[in-house]
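Q: The structure follows.
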Amino acid sequence: MAYAKVIGGNKIEGEAVLQGSKNAALPMIAASVLCRGGVRIENCPDISDVRELLSVLSRTGAVCKLENHVLTIDASEAVPFSIDREQAKKTRGGVLFLGAFLGRFHEAWIAYPGGCVIGARPIDLHCAVLRKLHIALEETEEGVYGKGRPVGERIELPYPSVGATENAVLAAVCARGRTELFGAATEPEVSELCRFLNKAGAKIHGVGTNYLVIDGVAELHGATYRLTGDRIAAGTYMTAAAMTGGEVVLRETEGVCMDGILPVLRMAGTTIRQEKNLLVATGNDRVLAVPYIRTAPFPAFPTDMQSQVLALAAKADGDSVICETVFESRFAVVPELRKMGAEVLCDGQYAVVHGVRQLYGATVRATDLRGGAALLLAGLAAEGETFVYGDEYIARGYEDIYGLFRSLGADVVRVEES
């Protein structure tokens with residue numbers, strides 16, 4: 001078991017290169033199953049979520065290699081493979097193989113996905129869109145079994161679910177006929193998946209909008225694609241500068257969409273400069289309270305930044321109100337922040353944060369990726385030592401986060417506990 005030891009009080013200052021997008025890399029790994037040729041994904045983050053998904057993919061017979069942030073995959077000789085509970089529980093991204101396997105092999109068996117403990121995260125919408133594509137699906141206590149070649153259809157999503165949109169696209173690109181997807185998620189990561197698939201020979205129209213038209217093709221070929229930077233990682237590091245009154249310069253940020261995130265950080269008193277390939281965040285002596293923040297699908301404030309901004313609000317002047325509309329268990333980090341002196345009152349989907357002048361070191365435990373990042377941020381801004389357990393969650397989405405923070409002046413180390 002590993003944990004992070006953080007000694008707070010240092011300002012986060014300096015330059016860092018932003019990692020590639022986690023939430024774009026995962027669906028592209030699943031999409032590589034559809035390609036009858038070599039796939040090359042550049043700027044790929046070397047994180048445990050990526051490694052776990054590659055482990056699953058390699059069991060199909062695909063040849064995978066991740067080196068120096070370049071991921072190469074050859075799934076030309078891939079064969080169907082059942083994803084069991086042990087594999088599925090390690091990462092939520094495994095559910096995307098459902099649409100990809102059905103698109104390539106016309107058969108899939110996937111155990112229910114795992115990942116972070118941030119709510120029920122049902123896959124009912126995933127199943128609904130696949131059934132609309134004429135897939136015979138059987139849901140059991142263990143997982144989902146699907147059989148049949150997808151057939152193009154008109155689909156209306158009642159909620160813009162990112163995962164359901166991606167599974168629909170993955171199943172539809174090699175379907176018979178045309179698929180029209182109304183109410184699709186418009187997150188940047190969905191658009192990146194569509195652009196990658198189009199480079200591999202897919203015919204997806206309306207990329208970036210909530211209305212996608214997909215004309216099925218017989219098969220896809222190989223492609224090369226460069227991932228943009230990770231917008232949630234960027235927001236996390238900018239929040240660290242805001243909490244500590246420092247300044248962080250993030251490079252390799254060209255094309256990174258920070259809609260929904262930057263307005264909230266600016267309201268909290270952070271000065272932000274954005275150029276073509278550069279993001280600069282400068283914190284002030286005191287954080288300003290943000291009266292009301294509501295998470296919602298893109299382009300609104302993302303749920304993946306909610307925990308980090310909650311930690312920021314814990315040090316603000318005044319009261320902030322956060323409304324969580326996406327995952328019902330996002331506030332699991334609150335009891336841990338209270339151990340550090342935060343004053344937070346939760347009521348259903350609302351959290352009222354009364355800012356305090358000082359947070360204090362404590363022993364805390366992360367139960368999800370973004371909650372773990374929030375606890376690290378709180379430790380950086382706290383007085384004394386903080387021990388953050390649940391390192392395995394943090395490693396799912398941040399590449400060498402401790403080394404990056406040390407390069408920015410933080411006193412943080414990863415400790416392996418026997």
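In the structure tokens, each chain is lettered A, B, ... as it comes, each chain's residues begin at 1, and ligands are numbered from 1 in order of appearance.
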So which residues touch stretch 201-203 of chain A within 8 Å, counting only C-alpha atoms, skipping near sequence neighbours fewer than 4 positions away, as a compact mmCIF listing (two decimals) with N, CA and C atoms, in the first residue's frame?
A:
# COMPACT_ATOMS: atom_id res chain seq x y z
N VAL A 173 -19.93 2.82 -36.28
CA VAL A 173 -19.04 3.18 -37.40
C VAL A 173 -18.90 2.05 -38.41
N CYS A 174 -19.07 0.80 -37.98
CA CYS A 174 -19.00 -0.33 -38.91
C CYS A 174 -20.36 -1.04 -39.03
N LEU A 197 -11.48 8.34 -35.32
CA LEU A 197 -12.18 7.34 -36.13
C LEU A 197 -12.28 7.77 -37.59
N ILE A 214 -23.73 9.01 -38.63
CA ILE A 214 -22.65 8.05 -38.83
C ILE A 214 -23.06 7.09 -39.96
N ASP A 215 -22.35 7.14 -41.06
CA ASP A 215 -22.57 6.21 -42.17
C ASP A 215 -21.61 5.03 -41.99
N GLY A 216 -22.17 3.85 -41.79
CA GLY A 216 -21.35 2.67 -41.53
C GLY A 216 -20.45 2.30 -42.69
N VAL A 217 -19.26 1.84 -42.37
CA VAL A 217 -18.31 1.37 -43.39
C VAL A 217 -17.97 -0.09 -43.08
N GLU A 219 -15.01 -1.66 -42.80
CA GLU A 219 -13.97 -1.80 -41.78
C GLU A 219 -13.13 -0.54 -41.74
N LEU A 220 -12.35 -0.42 -40.68
CA LEU A 220 -11.45 0.72 -40.51
C LEU A 220 -10.01 0.29 -40.75
N HIS A 221 -9.19 1.25 -41.13
CA HIS A 221 -7.76 1.00 -41.30
C HIS A 221 -6.99 1.67 -40.17
Q: Which neighbours of A:Ala168 fall inside 9 Å, counting only C-alpha atoms, when residues of the same chain fewer than 5 positions from it are skipped, and could you give them as an mmCIF file with all heavy atoms, in the first residue's frame?
A:
data_model
loop_
_atom_site.group_PDB
_atom_site.id
_atom_site.type_symbol
_atom_site.label_atom_id
_atom_site.label_comp_id
_atom_site.auth_asym_id
_atom_site.auth_seq_id
_atom_site.Cartn_x
_atom_site.Cartn_y
_atom_site.Cartn_z
ATOM 1 N N GLY A 99 -19.135 -1.625 -27.160
ATOM 2 C CA GLY A 99 -19.452 -1.155 -28.504
ATOM 3 C C GLY A 99 -18.406 -1.544 -29.526
ATOM 4 O O GLY A 99 -18.731 -1.905 -30.666
ATOM 5 N N HIS A 126 -26.054 2.910 -22.028
ATOM 6 C CA HIS A 126 -25.189 2.171 -22.958
ATOM 7 C C HIS A 126 -25.985 1.034 -23.592
ATOM 8 O O HIS A 126 -25.962 0.833 -24.815
ATOM 9 C CB HIS A 126 -23.981 1.574 -22.231
ATOM 10 C CG HIS A 126 -23.093 2.574 -21.566
ATOM 11 N ND1 HIS A 126 -21.768 2.753 -21.926
ATOM 12 C CD2 HIS A 126 -23.311 3.441 -20.543
ATOM 13 C CE1 HIS A 126 -21.216 3.686 -21.155
ATOM 14 N NE2 HIS A 126 -22.134 4.109 -20.311
ATOM 15 N N VAL A 129 -28.809 2.263 -26.129
ATOM 16 C CA VAL A 129 -28.398 2.668 -27.474
ATOM 17 C C VAL A 129 -27.973 1.463 -28.297
ATOM 18 O O VAL A 129 -28.219 1.412 -29.513
ATOM 19 C CB VAL A 129 -27.266 3.728 -27.439
ATOM 20 C CG1 VAL A 129 -27.734 4.993 -26.771
ATOM 21 C CG2 VAL A 129 -26.008 3.198 -26.771
ATOM 22 N N LEU A 130 -27.366 0.464 -27.672
ATOM 23 C CA LEU A 130 -26.962 -0.730 -28.409
ATOM 24 C C LEU A 130 -28.172 -1.542 -28.846
ATOM 25 O O LEU A 130 -28.190 -2.109 -29.939
ATOM 26 C CB LEU A 130 -26.009 -1.567 -27.562
ATOM 27 C CG LEU A 130 -24.647 -0.903 -27.282
ATOM 28 C CD1 LEU A 130 -23.832 -1.727 -26.296
ATOM 29 C CD2 LEU A 130 -23.865 -0.700 -28.571
ATOM 30 N N LEU A 133 -29.557 -0.248 -31.892
ATOM 31 C CA LEU A 133 -28.773 -0.642 -33.067
ATOM 32 C C LEU A 133 -28.983 -2.117 -33.414
ATOM 33 O O LEU A 133 -28.184 -2.719 -34.126
ATOM 34 C CB LEU A 133 -27.283 -0.359 -32.823
ATOM 35 C CG LEU A 133 -26.905 1.131 -32.724
ATOM 36 C CD1 LEU A 133 -25.455 1.296 -32.277
ATOM 37 C CD2 LEU A 133 -27.130 1.845 -34.049
ATOM 38 N N GLY A 163 -20.157 8.196 -21.932
ATOM 39 C CA GLY A 163 -19.899 6.785 -22.209
ATOM 40 C C GLY A 163 -20.891 6.180 -23.178
ATOM 41 O O GLY A 163 -20.508 5.417 -24.083
ATOM 42 N N VAL A 173 -19.934 2.824 -36.283
ATOM 43 C CA VAL A 173 -19.038 3.180 -37.401
ATOM 44 C C VAL A 173 -18.904 2.047 -38.415
ATOM 45 O O VAL A 173 -18.653 2.302 -39.593
ATOM 46 C CB VAL A 173 -17.647 3.630 -36.904
ATOM 47 C CG1 VAL A 173 -17.716 4.992 -36.253
ATOM 48 C CG2 VAL A 173 -17.028 2.606 -35.968
ATOM 49 N N LEU A 181 -27.648 10.091 -34.272
ATOM 50 C CA LEU A 181 -27.591 10.144 -32.815
ATOM 51 C C LEU A 181 -27.939 11.556 -32.352
ATOM 52 O O LEU A 181 -27.174 12.501 -32.558
ATOM 53 C CB LEU A 181 -26.190 9.743 -32.329
ATOM 54 C CG LEU A 181 -25.982 9.598 -30.820
ATOM 55 C CD1 LEU A 181 -26.920 8.561 -30.224
ATOM 56 C CD2 LEU A 181 -24.532 9.216 -30.524
#
Q: Quick one: DSSP strand (DSSP E or B) residues in stretch 104-343 of chain A, as an NGL selection string?
A: :A and (107-111 or 136-139 or 143-147 or 151 or 154-156 or 176 or 178-182 or 203-205 or 211-215 or 220 or 223-226 or 229 or 247-251 or 271-275 or 278-282 or 287-288 or 292-295 or 301 or 316-317 or 319-323 or 343)
Q: Calculated over only C-alpha atoms, which of the candidates A:Ala62, A:Ala171, A:Ile73, A:Leu18 has the smallest distance to A:His106?
A: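 So, comparing all the options, the nearest one is A:Ala171.
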Q: Given the choices A:Asp368, A:Glu247, A:Glu141, A:Glu252, which gets closest to A:Gly409 if the distance is worked out from only C-alpha atoms?
A: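 Closest to A:Gly409 of all the choices is A:Glu247.
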Q: Taking 5 positions as the minimum chain separation for residues in the same chain, which residues sit within 9 Å of A:Leu227 when counting only C-alpha atoms? Answer as a PyMOL selection string.
A: chain A and resi 20-21+24-25+41-44+192
